[in-house]
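Asker: Provided below: run08.txt, containing compact mmCIF, C-alpha atoms.
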# COMPACT_ATOMS: atom_id res chain seq x y z
CA PRO A 18 -5.06 9.00 6.21
CA MET A 19 -2.57 9.02 9.04
CA LEU A 20 0.67 7.24 8.10
CA ALA A 21 3.10 5.06 10.06
CA THR A 22 6.86 5.58 10.30
CA ALA A 23 9.15 2.69 9.31
CA THR A 24 11.27 1.16 12.07
CA THR A 25 13.65 -1.78 12.45
CA SER A 26 12.69 -2.90 15.96
CA LEU A 27 9.84 -3.24 18.42
CA PRO A 28 9.33 -0.50 21.06
CA ARG A 29 11.20 -1.05 24.31
CA ASN A 30 8.22 -0.21 26.52
CA GLN A 31 5.47 -2.22 24.90
CA LYS A 32 2.80 -1.61 27.53
CA ASP A 33 2.01 1.77 25.92
CA TRP A 34 1.44 0.23 22.48
CA THR A 35 -0.96 -2.04 20.65
CA PHE A 36 0.14 -4.34 17.83
CA GLU A 37 -1.67 -5.28 14.63
CA PHE A 38 -0.80 -7.25 11.50
CA LYS A 39 0.24 -5.18 8.49
CA TRP A 40 -2.14 -5.99 5.65
CA ASP A 41 -0.66 -6.01 2.15
CA GLY A 42 -3.29 -4.09 0.18
CA VAL A 43 -4.53 -0.61 -0.66
CA ARG A 44 -5.34 1.94 2.04
CA ALA A 45 -8.87 3.32 1.92
CA VAL A 46 -10.88 5.76 4.03
CA VAL A 47 -14.55 4.82 3.69
CA TYR A 48 -17.39 7.27 4.34
CA VAL A 49 -20.72 5.62 5.18
CA ASP A 50 -23.92 7.66 5.26
CA GLY A 51 -27.49 6.43 4.87
CA GLY A 52 -26.44 2.94 3.85
CA ARG A 53 -24.15 4.21 1.07
CA ALA A 54 -20.35 3.95 0.96
CA ARG A 55 -17.76 6.21 -0.63
CA ALA A 56 -14.15 5.01 -0.65
CA MET A 57 -11.20 7.39 -1.00
CA SER A 58 -7.63 6.28 -1.67
CA ARG A 59 -4.57 7.51 0.16
CA ASN A 60 -4.06 10.20 -2.51
CA ALA A 61 -7.70 11.37 -2.31
CA LYS A 62 -9.05 9.59 -5.39
CA ASP A 63 -12.58 8.22 -5.36
CA ILE A 64 -12.21 4.44 -5.83
CA THR A 65 -15.74 3.44 -4.84
CA VAL A 66 -16.70 2.06 -8.26
CA SER A 67 -13.82 -0.45 -8.19
CA TYR A 68 -14.92 -2.08 -4.93
CA PRO A 69 -18.68 -2.83 -4.85
CA GLU A 70 -18.07 -5.13 -1.85
CA LEU A 71 -18.33 -1.98 0.28
CA ARG A 72 -22.05 -1.63 -0.48
CA ASP A 73 -22.94 -4.53 1.83
CA LEU A 74 -20.78 -3.04 4.58
CA ALA A 75 -22.65 0.26 4.29
CA GLU A 76 -26.04 -1.44 4.29
CA SER A 77 -25.10 -3.42 7.40
CA LEU A 78 -24.62 -0.14 9.29
CA GLY A 79 -28.18 0.98 8.57
CA SER A 80 -28.68 4.66 9.39
CA GLN A 81 -25.35 5.06 11.18
CA ARG A 82 -22.91 7.65 9.82
CA VAL A 83 -19.26 6.67 10.14
CA ILE A 84 -15.84 7.29 8.66
CA LEU A 85 -13.63 4.22 8.66
CA ASP A 86 -9.93 3.71 7.99
CA GLY A 87 -8.62 0.41 6.72
CA GLU A 88 -7.04 -1.66 3.98
CA LEU A 89 -8.60 -3.25 0.90
CA VAL A 90 -7.05 -6.71 0.60
CA ALA A 91 -7.28 -9.58 -1.87
CA LEU A 92 -6.87 -12.90 -0.10
CA SER A 93 -5.36 -16.00 -1.70
CA GLU A 94 -6.89 -19.45 -1.30
CA ASP A 95 -4.84 -20.03 1.84
CA GLY A 96 -6.18 -16.83 3.40
CA ARG A 97 -3.05 -14.72 3.00
CA PRO A 98 -3.06 -11.25 1.44
CA SER A 99 -1.98 -11.25 -2.22
CA PHE A 100 -0.88 -7.88 -3.51
CA GLY A 101 -0.32 -9.43 -6.93
CA ALA A 102 -3.96 -10.54 -7.13
CA LEU A 103 -5.16 -7.12 -6.00
CA GLN A 104 -3.42 -5.52 -9.01
CA SER A 105 -6.20 -6.77 -11.29
CA ARG A 106 -8.79 -4.81 -9.29
CA MET A 107 -7.00 -1.46 -8.95
CA HIS A 108 -7.63 0.16 -12.32
CA VAL A 109 -10.99 -1.38 -13.20
CA THR A 110 -13.98 0.97 -13.31
CA LYS A 111 -16.32 -0.54 -15.92
CA PRO A 112 -19.23 -2.14 -13.98
CA ALA A 113 -19.36 -5.34 -16.04
CA ALA A 114 -15.62 -5.97 -15.64
CA VAL A 115 -15.77 -5.18 -11.93
CA GLN A 116 -18.62 -7.64 -11.44
CA ARG A 117 -16.65 -10.41 -13.19
CA LEU A 118 -13.56 -9.73 -11.10
CA MET A 119 -15.58 -9.82 -7.88
CA GLN A 120 -16.13 -13.52 -8.56
CA THR A 121 -12.48 -14.37 -9.28
CA VAL A 122 -10.63 -11.82 -7.11
CA PRO A 123 -12.89 -10.90 -4.17
CA VAL A 124 -11.69 -8.10 -1.91
CA THR A 125 -12.05 -7.79 1.85
CA TYR A 126 -11.97 -4.46 3.70
CA PHE A 127 -9.95 -4.74 6.93
CA VAL A 128 -11.17 -1.94 9.21
CA PHE A 129 -8.68 -0.80 11.85
CA ASP A 130 -9.78 2.69 12.86
CA LEU A 131 -12.93 4.75 13.41
CA LEU A 132 -12.65 8.48 12.70
CA TYR A 133 -16.25 9.69 12.94
CA LEU A 134 -19.43 8.31 14.47
CA ASP A 135 -22.97 9.74 14.19
CA GLY A 136 -22.12 13.42 14.17
CA HIS A 137 -19.00 13.26 16.34
CA SER A 138 -15.38 13.50 15.18
CA LEU A 139 -13.16 11.00 16.99
CA LEU A 140 -9.82 12.33 15.75
CA ASP A 141 -8.78 13.76 19.12
CA LEU A 142 -9.65 10.63 21.08
CA PRO A 143 -6.81 8.26 22.05
CA TYR A 144 -6.47 5.27 19.79
CA ALA A 145 -7.54 2.95 22.62
CA ASP A 146 -10.90 4.76 22.84
CA ARG A 147 -11.41 4.85 19.06
CA ARG A 148 -10.64 1.14 18.89
CA ALA A 149 -13.15 0.36 21.66
CA LEU A 150 -15.87 2.21 19.74
CA LEU A 151 -14.88 0.40 16.54
CA ASP A 152 -15.11 -2.99 18.26
CA LYS A 153 -18.62 -2.13 19.46
CA LEU A 154 -19.73 -1.74 15.83
CA ASP A 155 -18.85 -5.44 15.30
CA LEU A 156 -17.86 -4.92 11.65
CA ASN A 157 -17.45 -8.49 10.49
CA GLY A 158 -19.15 -9.73 7.33
CA ASP A 159 -18.53 -11.63 4.11
CA SER A 160 -16.27 -8.92 2.67
CA TRP A 161 -15.30 -6.83 5.68
CA ARG A 162 -13.84 -7.52 9.07
CA THR A 163 -12.19 -5.89 12.08
CA PRO A 164 -8.78 -7.56 12.50
CA PRO A 165 -7.31 -8.11 15.99
CA SER A 166 -5.35 -5.49 17.90
CA THR A 167 -3.17 -6.82 20.73
CA PRO A 168 -1.94 -4.41 23.43
CA GLY A 169 1.44 -4.96 25.05
CA ASP A 170 2.73 -8.10 23.32
CA GLY A 171 4.54 -7.03 20.16
CA LYS A 172 6.95 -9.94 20.03
CA ALA A 173 4.16 -12.52 19.85
CA VAL A 174 2.31 -10.59 17.13
CA PHE A 175 5.48 -10.09 15.10
CA GLU A 176 6.46 -13.77 15.34
CA THR A 177 2.94 -14.78 14.31
CA SER A 178 3.13 -12.45 11.29
CA LYS A 179 6.37 -14.14 10.19
CA LYS A 180 4.97 -17.63 10.77
CA HIS A 181 1.97 -16.93 8.53
CA GLY A 182 3.91 -15.09 5.84
CA LEU A 183 2.33 -11.69 6.49
CA GLU A 184 4.00 -8.40 5.58
CA GLY A 185 4.79 -7.37 9.16
CA VAL A 186 3.20 -5.45 12.03
CA VAL A 187 1.91 -1.95 12.70
CA MET A 188 2.41 -0.57 16.21
CA LYS A 189 0.22 2.21 17.56
CA ARG A 190 0.54 4.13 20.80
CA LEU A 191 -2.61 3.61 22.82
CA ASP A 192 -2.78 7.34 23.57
CA SER A 193 -2.22 8.51 19.97
CA LYS A 194 -4.63 10.94 18.36
CA TYR A 195 -5.47 10.56 14.67
CA VAL A 196 -3.54 13.11 12.62
CA PRO A 197 -4.84 13.08 9.01
CA GLY A 198 -2.23 13.18 6.26
CA GLN A 199 0.78 13.08 8.54
CA ARG A 200 3.44 10.40 9.04
CA SER A 201 3.68 9.99 12.78
CA LYS A 202 6.07 8.24 15.15
CA ALA A 203 3.05 7.39 17.27
CA TRP A 204 2.40 4.75 14.61
CA LEU A 205 5.30 2.50 13.56
CA LYS A 206 5.58 -0.24 10.95
CA LEU A 207 7.99 -3.17 11.09
CA LYS A 208 8.20 -5.33 7.96
CA ASN A 209 9.20 -8.97 7.55
CA VAL A 210 10.26 -8.39 3.95
CA ARG A 211 12.21 -5.50 2.48
CA ALA A 212 10.00 -3.54 0.13
CA GLN A 213 10.54 -0.15 -1.46
CA GLU A 214 8.25 2.20 -3.34
CA VAL A 215 9.89 3.43 -6.55
CA VAL A 216 9.20 5.83 -9.39
CA ILE A 217 9.37 4.46 -12.93
CA ALA A 218 11.75 6.67 -14.92
CA GLY A 219 12.32 4.56 -18.02
CA TRP A 220 12.28 1.10 -19.56
CA LYS A 221 14.38 -1.15 -21.75
CA PRO A 222 13.05 -3.38 -24.55
CA GLY A 223 12.72 -7.09 -23.94
CA GLU A 224 14.58 -9.82 -25.80
CA GLY A 225 13.85 -13.46 -26.57
CA ASN A 226 10.51 -14.46 -25.06
CA ARG A 227 9.91 -10.82 -24.17
CA SER A 228 10.58 -9.47 -27.64
CA GLY A 229 8.05 -6.70 -28.29
CA LEU A 230 7.45 -6.19 -24.58
CA ILE A 231 9.17 -4.26 -21.83
CA GLY A 232 12.26 -6.12 -20.62
CA SER A 233 13.04 -4.12 -17.50
CA LEU A 234 12.13 -0.90 -15.72
CA LEU A 235 14.57 1.83 -14.66
CA LEU A 236 13.75 2.97 -11.16
CA GLY A 237 14.23 6.16 -9.19
CA ILE A 238 13.72 7.53 -5.68
CA PRO A 239 13.30 11.28 -5.10
CA ASN A 240 16.03 13.07 -3.17
CA ASP A 241 15.17 15.57 -0.45
CA ASP A 242 15.87 18.41 -2.90
CA GLY A 243 13.31 17.10 -5.39
CA THR A 244 15.79 15.60 -7.87
CA LEU A 245 15.62 11.93 -8.80
CA ALA A 246 18.26 9.39 -7.76
CA TYR A 247 18.82 6.23 -9.79
CA ALA A 248 17.91 3.16 -7.71
CA GLY A 249 18.57 0.38 -10.19
CA HIS A 250 16.50 -1.67 -12.61
CA VAL A 251 14.04 -4.54 -12.24
CA GLY A 252 13.28 -7.27 -14.76
CA THR A 253 11.65 -10.02 -12.69
CA GLY A 254 8.28 -10.47 -11.05
CA PHE A 255 6.22 -9.53 -14.12
CA THR A 256 3.54 -11.38 -16.03
CA ASP A 257 3.12 -10.67 -19.74
CA GLN A 258 -0.18 -8.94 -18.97
CA MET A 259 1.56 -6.68 -16.45
CA LEU A 260 4.12 -5.75 -19.11
CA ARG A 261 1.42 -4.95 -21.67
CA ASP A 262 -0.42 -2.79 -19.14
CA LEU A 263 2.80 -1.00 -18.21
CA GLN A 264 3.54 -0.34 -21.88
CA ALA A 265 0.12 1.29 -22.25
CA ASP A 266 0.67 3.39 -19.11
CA LEU A 267 4.20 4.50 -19.99
CA THR A 268 3.84 5.26 -23.70
CA PRO A 269 2.03 8.61 -23.15
CA LEU A 270 4.78 9.65 -20.70
CA ALA A 271 7.66 9.30 -23.18
CA ALA A 272 10.47 11.83 -22.65
CA ASP A 273 13.56 12.76 -24.69
CA ASP A 274 16.02 12.88 -21.81
CA SER A 275 16.84 11.01 -18.63
CA PRO A 276 14.99 12.40 -15.59
CA PHE A 277 17.82 11.41 -13.23
CA ALA A 278 20.02 14.00 -11.53
CA GLU A 279 23.19 11.98 -12.21
CA PRO A 280 24.23 9.90 -15.23
CA VAL A 281 22.87 6.35 -15.28
CA PRO A 282 25.52 3.61 -15.73
CA ARG A 283 26.02 3.10 -19.45
CA PRO A 284 24.93 -0.59 -19.57
CA HIS A 285 21.60 0.42 -18.02
CA ALA A 286 21.14 3.62 -20.03
CA LYS A 287 21.90 1.97 -23.38
CA ASP A 288 18.72 1.61 -25.47
CA ALA A 289 16.65 3.08 -22.60
CA HIS A 290 13.28 4.69 -23.29
CA TRP A 291 12.88 7.55 -20.81
CA VAL A 292 9.54 8.61 -19.36
CA ARG A 293 8.29 11.39 -17.14
CA PRO A 294 8.66 10.06 -13.56
CA GLU A 295 5.00 10.02 -12.53
CA ILE A 296 4.05 6.37 -12.02
CA VAL A 297 4.77 4.68 -8.67
CA GLY A 298 5.37 0.98 -8.15
CA GLU A 299 6.78 -1.28 -5.46
CA VAL A 300 9.59 -3.83 -5.45
CA GLN A 301 10.84 -6.41 -3.01
CA PHE A 302 14.64 -6.62 -2.65
CA SER A 303 17.44 -8.17 -0.61
CA GLU A 304 19.52 -5.14 0.41
CA TRP A 305 20.95 -1.77 -0.63
CA THR A 306 24.29 -1.76 -2.44
CA GLY A 307 27.10 0.63 -1.53
CA GLU A 308 26.10 2.79 -4.51
CA GLY A 309 22.54 3.14 -3.17
CA ARG A 310 21.01 0.66 -5.62
CA LEU A 311 18.47 -2.07 -5.00
CA ARG A 312 20.03 -5.53 -4.96
CA HIS A 313 17.98 -8.38 -6.49
CA PRO A 314 14.73 -6.39 -6.83
CA SER A 315 11.54 -8.16 -7.88
CA TRP A 316 8.46 -6.30 -9.09
CA ARG A 317 5.43 -6.42 -6.79
CA GLY A 318 3.06 -4.12 -8.63
CA LEU A 319 1.86 -0.59 -9.25
CA ARG A 320 0.86 1.76 -6.43
CA PRO A 321 -1.81 4.01 -8.01
CA ASP A 322 -2.75 5.11 -4.50
CA LYS A 323 0.55 6.97 -4.14
CA SER A 324 2.13 9.91 -5.94
CA ALA A 325 5.76 10.21 -7.04
CA ASP A 326 6.57 13.03 -4.62
CA GLU A 327 5.53 10.81 -1.67
CA VAL A 328 8.17 8.17 -2.39
CA ARG A 329 11.10 8.08 0.02
CA ARG A 330 13.88 5.57 0.61
CA GLU A 331 12.90 3.18 3.41
CA SER A 332 15.30 2.84 6.33
What is this file in structure tokens?
Answerer:
Amino acid sequence: PMLATATTSLPRNQKDWTFEFKWDGVRAVVYVDGGRARAMSRNAKDITVSYPELRDLAESLGSQRVILDGELVALSEDGRPSFGALQSRMHVTKPAAVQRLMQTVPVTYFVFDLLYLDGHSLLDLPYADRRALLDKLDLNGDSWRTPPSTPGDGKAVFETSKKHGLEGVVMKRLDSKYVPGQRSKAWLKLKNVRAQEVVIAGWKPGEGNRSGLIGSLLLGIPNDDGTLAYAGHVGTGFTDQMLRDLQADLTPLAADDSPFAEPVPRPHAKDAHWVRPEIVGEVQFSEWTGEGRLRHPSWRGLRPDKSADEVRRES
């Protein structure tokens, strides 16, 4: 899918842009053909089996053939996206387990773009035209919906996102074409909270109540030259189940040496278990330190939809 570029402010000339809420979930491009749906993640993995909710969406379109872009989101009881709740759905592929989770952690597909319609590619159309065609499809059901897009009034949308505790806003130029796989400045994202994707490079054993579990994770962010920079460690934001799952994921990746380009501070490196830096997660944090470390990070969850070489330090 096309990707947005991070920014720290709204565009000056807002009349050329439309503004949408940023949904805290997993990006998915969904192919619908003959009443059947196939969902592909951002890193081109087939995730259809994990989200049976998409079947009803496909059936609602009848014989229409479409390619949709959107976000799979788990909503809390108060209607807000919960990335933590969505974690329990990401890795599940066994049909019986998926069916059980559908009852306790239902997922909604928020559709915000239309890339193909009945034999015609829409990639070269301006976003305003693609959005008009999407709105005509009226994709709103029990587990799918078309969220609002508001041209020209970014401040109001951004303030509303903060008021309701949403992640932020995505801003799209009305004349922007859809460029698959590229991060474009024609799409911008402005977050209310500071979040950073990270690569897990090691872990330290837990103590006390966490004895026998992971105590903290050692985090890295790739440099432009492909080496790995140490970004700090995180020990909060986990449930015991998360820690057990992480242990299972990280054990096969055990490595003898640190994967970081520079030495890790001794207090953090002491007793560390190094792993191959392949698994991506996300943390929330307060600010960057002068040494380029995350201050007060809290774990948000794994990002199986992203690969380690995609991770970059957010502005």
Asker: Near Arg97 (chain A), counting only C-alpha atoms, which residues have an atom at most 9 Å away, once you skip same-chain residues fewer than 4 positions from it, shown as a short mmCIF file (atom, residue, chain, number, x, y, z; two decimals) with C-alpha atoms, in the frame of the given file?
Answerer:
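Printed below is out.cif as written:
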data_model
loop_
_atom_site.label_atom_id
_atom_site.label_comp_id
_atom_site.auth_asym_id
_atom_site.auth_seq_id
_atom_site.Cartn_x
_atom_site.Cartn_y
_atom_site.Cartn_z
CA ALA A 91 -7.28 -9.58 -1.87
CA LEU A 92 -6.87 -12.90 -0.10
CA SER A 93 -5.36 -16.00 -1.70
CA HIS A 181 1.97 -16.93 8.53
CA GLY A 182 3.91 -15.09 5.84
CA LEU A 183 2.33 -11.69 6.49
#
Asker: Could you tell me how far CA of Met119 (chain A) lies from CA of Glu88 (chain A), in Å and to one decimal?
Answerer: 16.7 Å
Asker: Give me the residues near region 283-297 of chain A as a PyMOL selection string, where near means some atom within 9 Å (using only C-alpha atoms) and where sequence neighbours in that chain fewer than 6 positions away do not count.
Answerer: chain A and resi 214-222+235+237+245+249-250+266-276+318-326+328
Asker: What does the file look like for those residues with C-alpha atoms, as a compact mmCIF listing (two decimals), in the frame of the given file?
Answerer:
# COMPACT_ATOMS: atom_id res chain seq x y z
CA GLU A 214 8.25 2.20 -3.34
CA VAL A 215 9.89 3.43 -6.55
CA VAL A 216 9.20 5.83 -9.39
CA ILE A 217 9.37 4.46 -12.93
CA ALA A 218 11.75 6.67 -14.92
CA GLY A 219 12.32 4.56 -18.02
CA TRP A 220 12.28 1.10 -19.56
CA LYS A 221 14.38 -1.15 -21.75
CA PRO A 222 13.05 -3.38 -24.55
CA LEU A 235 14.57 1.83 -14.66
CA GLY A 237 14.23 6.16 -9.19
CA LEU A 245 15.62 11.93 -8.80
CA GLY A 249 18.57 0.38 -10.19
CA HIS A 250 16.50 -1.67 -12.61
CA ASP A 266 0.67 3.39 -19.11
CA LEU A 267 4.20 4.50 -19.99
CA THR A 268 3.84 5.26 -23.70
CA PRO A 269 2.03 8.61 -23.15
CA LEU A 270 4.78 9.65 -20.70
CA ALA A 271 7.66 9.30 -23.18
CA ALA A 272 10.47 11.83 -22.65
CA ASP A 273 13.56 12.76 -24.69
CA ASP A 274 16.02 12.88 -21.81
CA SER A 275 16.84 11.01 -18.63
CA PRO A 276 14.99 12.40 -15.59
CA GLY A 318 3.06 -4.12 -8.63
CA LEU A 319 1.86 -0.59 -9.25
CA ARG A 320 0.86 1.76 -6.43
CA PRO A 321 -1.81 4.01 -8.01
CA ASP A 322 -2.75 5.11 -4.50
CA LYS A 323 0.55 6.97 -4.14
CA SER A 324 2.13 9.91 -5.94
CA ALA A 325 5.76 10.21 -7.04
CA ASP A 326 6.57 13.03 -4.62
CA VAL A 328 8.17 8.17 -2.39
Asker: Write out as a list in words the residues lying within 10 Å of Leu207 (chain A), counting only C-alpha atoms and excluding same-chain residues fewer than 5 positions away.
Answerer: Ala21, Thr22, Ala23, Thr24, Thr25, Ser26, Leu27, Phe38, Lys39, Phe175, Glu184, Gly185, Val186, Val187 and Met188 of chain A
Asker: Have a look at A:Thr121, A:Pro112, A:Gly252, A:Leu74 and name the one nearest to Glu94 (chain A); count only C-alpha atoms.
Answerer: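 Going through A:Thr121, A:Pro112, A:Gly252, A:Leu74 one by one, the smallest distance to Glu94 (chain A) is for A:Thr121.
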Asker: Looking at A:Val49, A:Ala278, A:Leu311, A:Ile231, which one is nearest to Gly136 (chain A), with distances taken over all atoms listed in the file?
Answerer: A:Val49
Asker: When you look at Gly158 (chain A) with a cut-off of 10 Å (counting only C-alpha atoms), what residues show up, excluding the ones that are within fewer than 6 positions of it in the same chain? I need them as a ChimeraX atom specification.
Answerer: /A:73-74,77,125-126
Asker: Using C-alpha atoms, can you export the residues from the last selection as a CSV table (one decimal), in the coordinates of the input?
Answerer:
chain,number,residue,atom,x,y,z
A,73,ASP,CA,-22.9,-4.5,1.8
A,74,LEU,CA,-20.8,-3.0,4.6
A,77,SER,CA,-25.1,-3.4,7.4
A,125,THR,CA,-12.0,-7.8,1.8
A,126,TYR,CA,-12.0,-4.5,3.7
Asker: Between CA of Phe100 (chain A) and CA of Leu156 (chain A), what is the distance, to one decimal in Å?
Answerer: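 Atom-to-atom, CA of Phe100 (chain A) and CA of Leu156 (chain A) are spaced 23.0 Å apart.
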Asker: How many Å lie between CA of Tyr247 (chain A) and CA of Gly309 (chain A), rounded to one decimal?
Answerer: 8.2 Å
Asker: My list of candidates is A:Phe302, A:Trp40, A:Phe127, A:Trp316. Which is closest to Arg162 (chain A) when distances are computed with all atoms listed in the file?
Answerer: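 Going through A:Phe302, A:Trp40, A:Phe127, A:Trp316 one by one, the smallest distance to Arg162 (chain A) is for A:Phe127.
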Asker: With all atoms listed in the file as the atoms that count, which of A:Asp192, A:Glu279, A:Asp170, A:Glu176 lies nearest to Arg148 (chain A)?
Answerer: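 Of all the options, A:Asp192 lies closest to Arg148 (chain A).
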Asker: Can you report as lines of an AutoDock Vina configuration file the centre and edge lengths in Å, to one decimal, of an axis-aligned box around the listed atoms of region 186-194 of chain A padded with 4 Å on each side?
Answerer:
center_x = -0.7
center_y = 2.7
center_z = 17.8
size_x = 15.8
size_y = 24.4
size_z = 19.5
Asker: Which of these residues is nearest to Tyr133 (chain A), using only C-alpha atoms: A:Asp33, A:Asp241, A:Asp50, A:Asp155?
Answerer: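 Counting only C-alpha atoms, the residue closest to Tyr133 (chain A) is A:Asp50.
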Asker: I'd like the neighbourhood of His108 (chain A) as number ranges by chain, where a residue qualifies if any of its atoms comes within 8 Å (using all atoms listed in the file), though same-chain residues fewer than 3 positions away should be ignored.
Answerer: A: 67, 104-105
Asker: Which of these residues is nearest to Asn157 (chain A), using all atoms listed in the file: A:Ser201, A:Val128, A:Pro123, A:Ala248?
Answerer: A:Val128
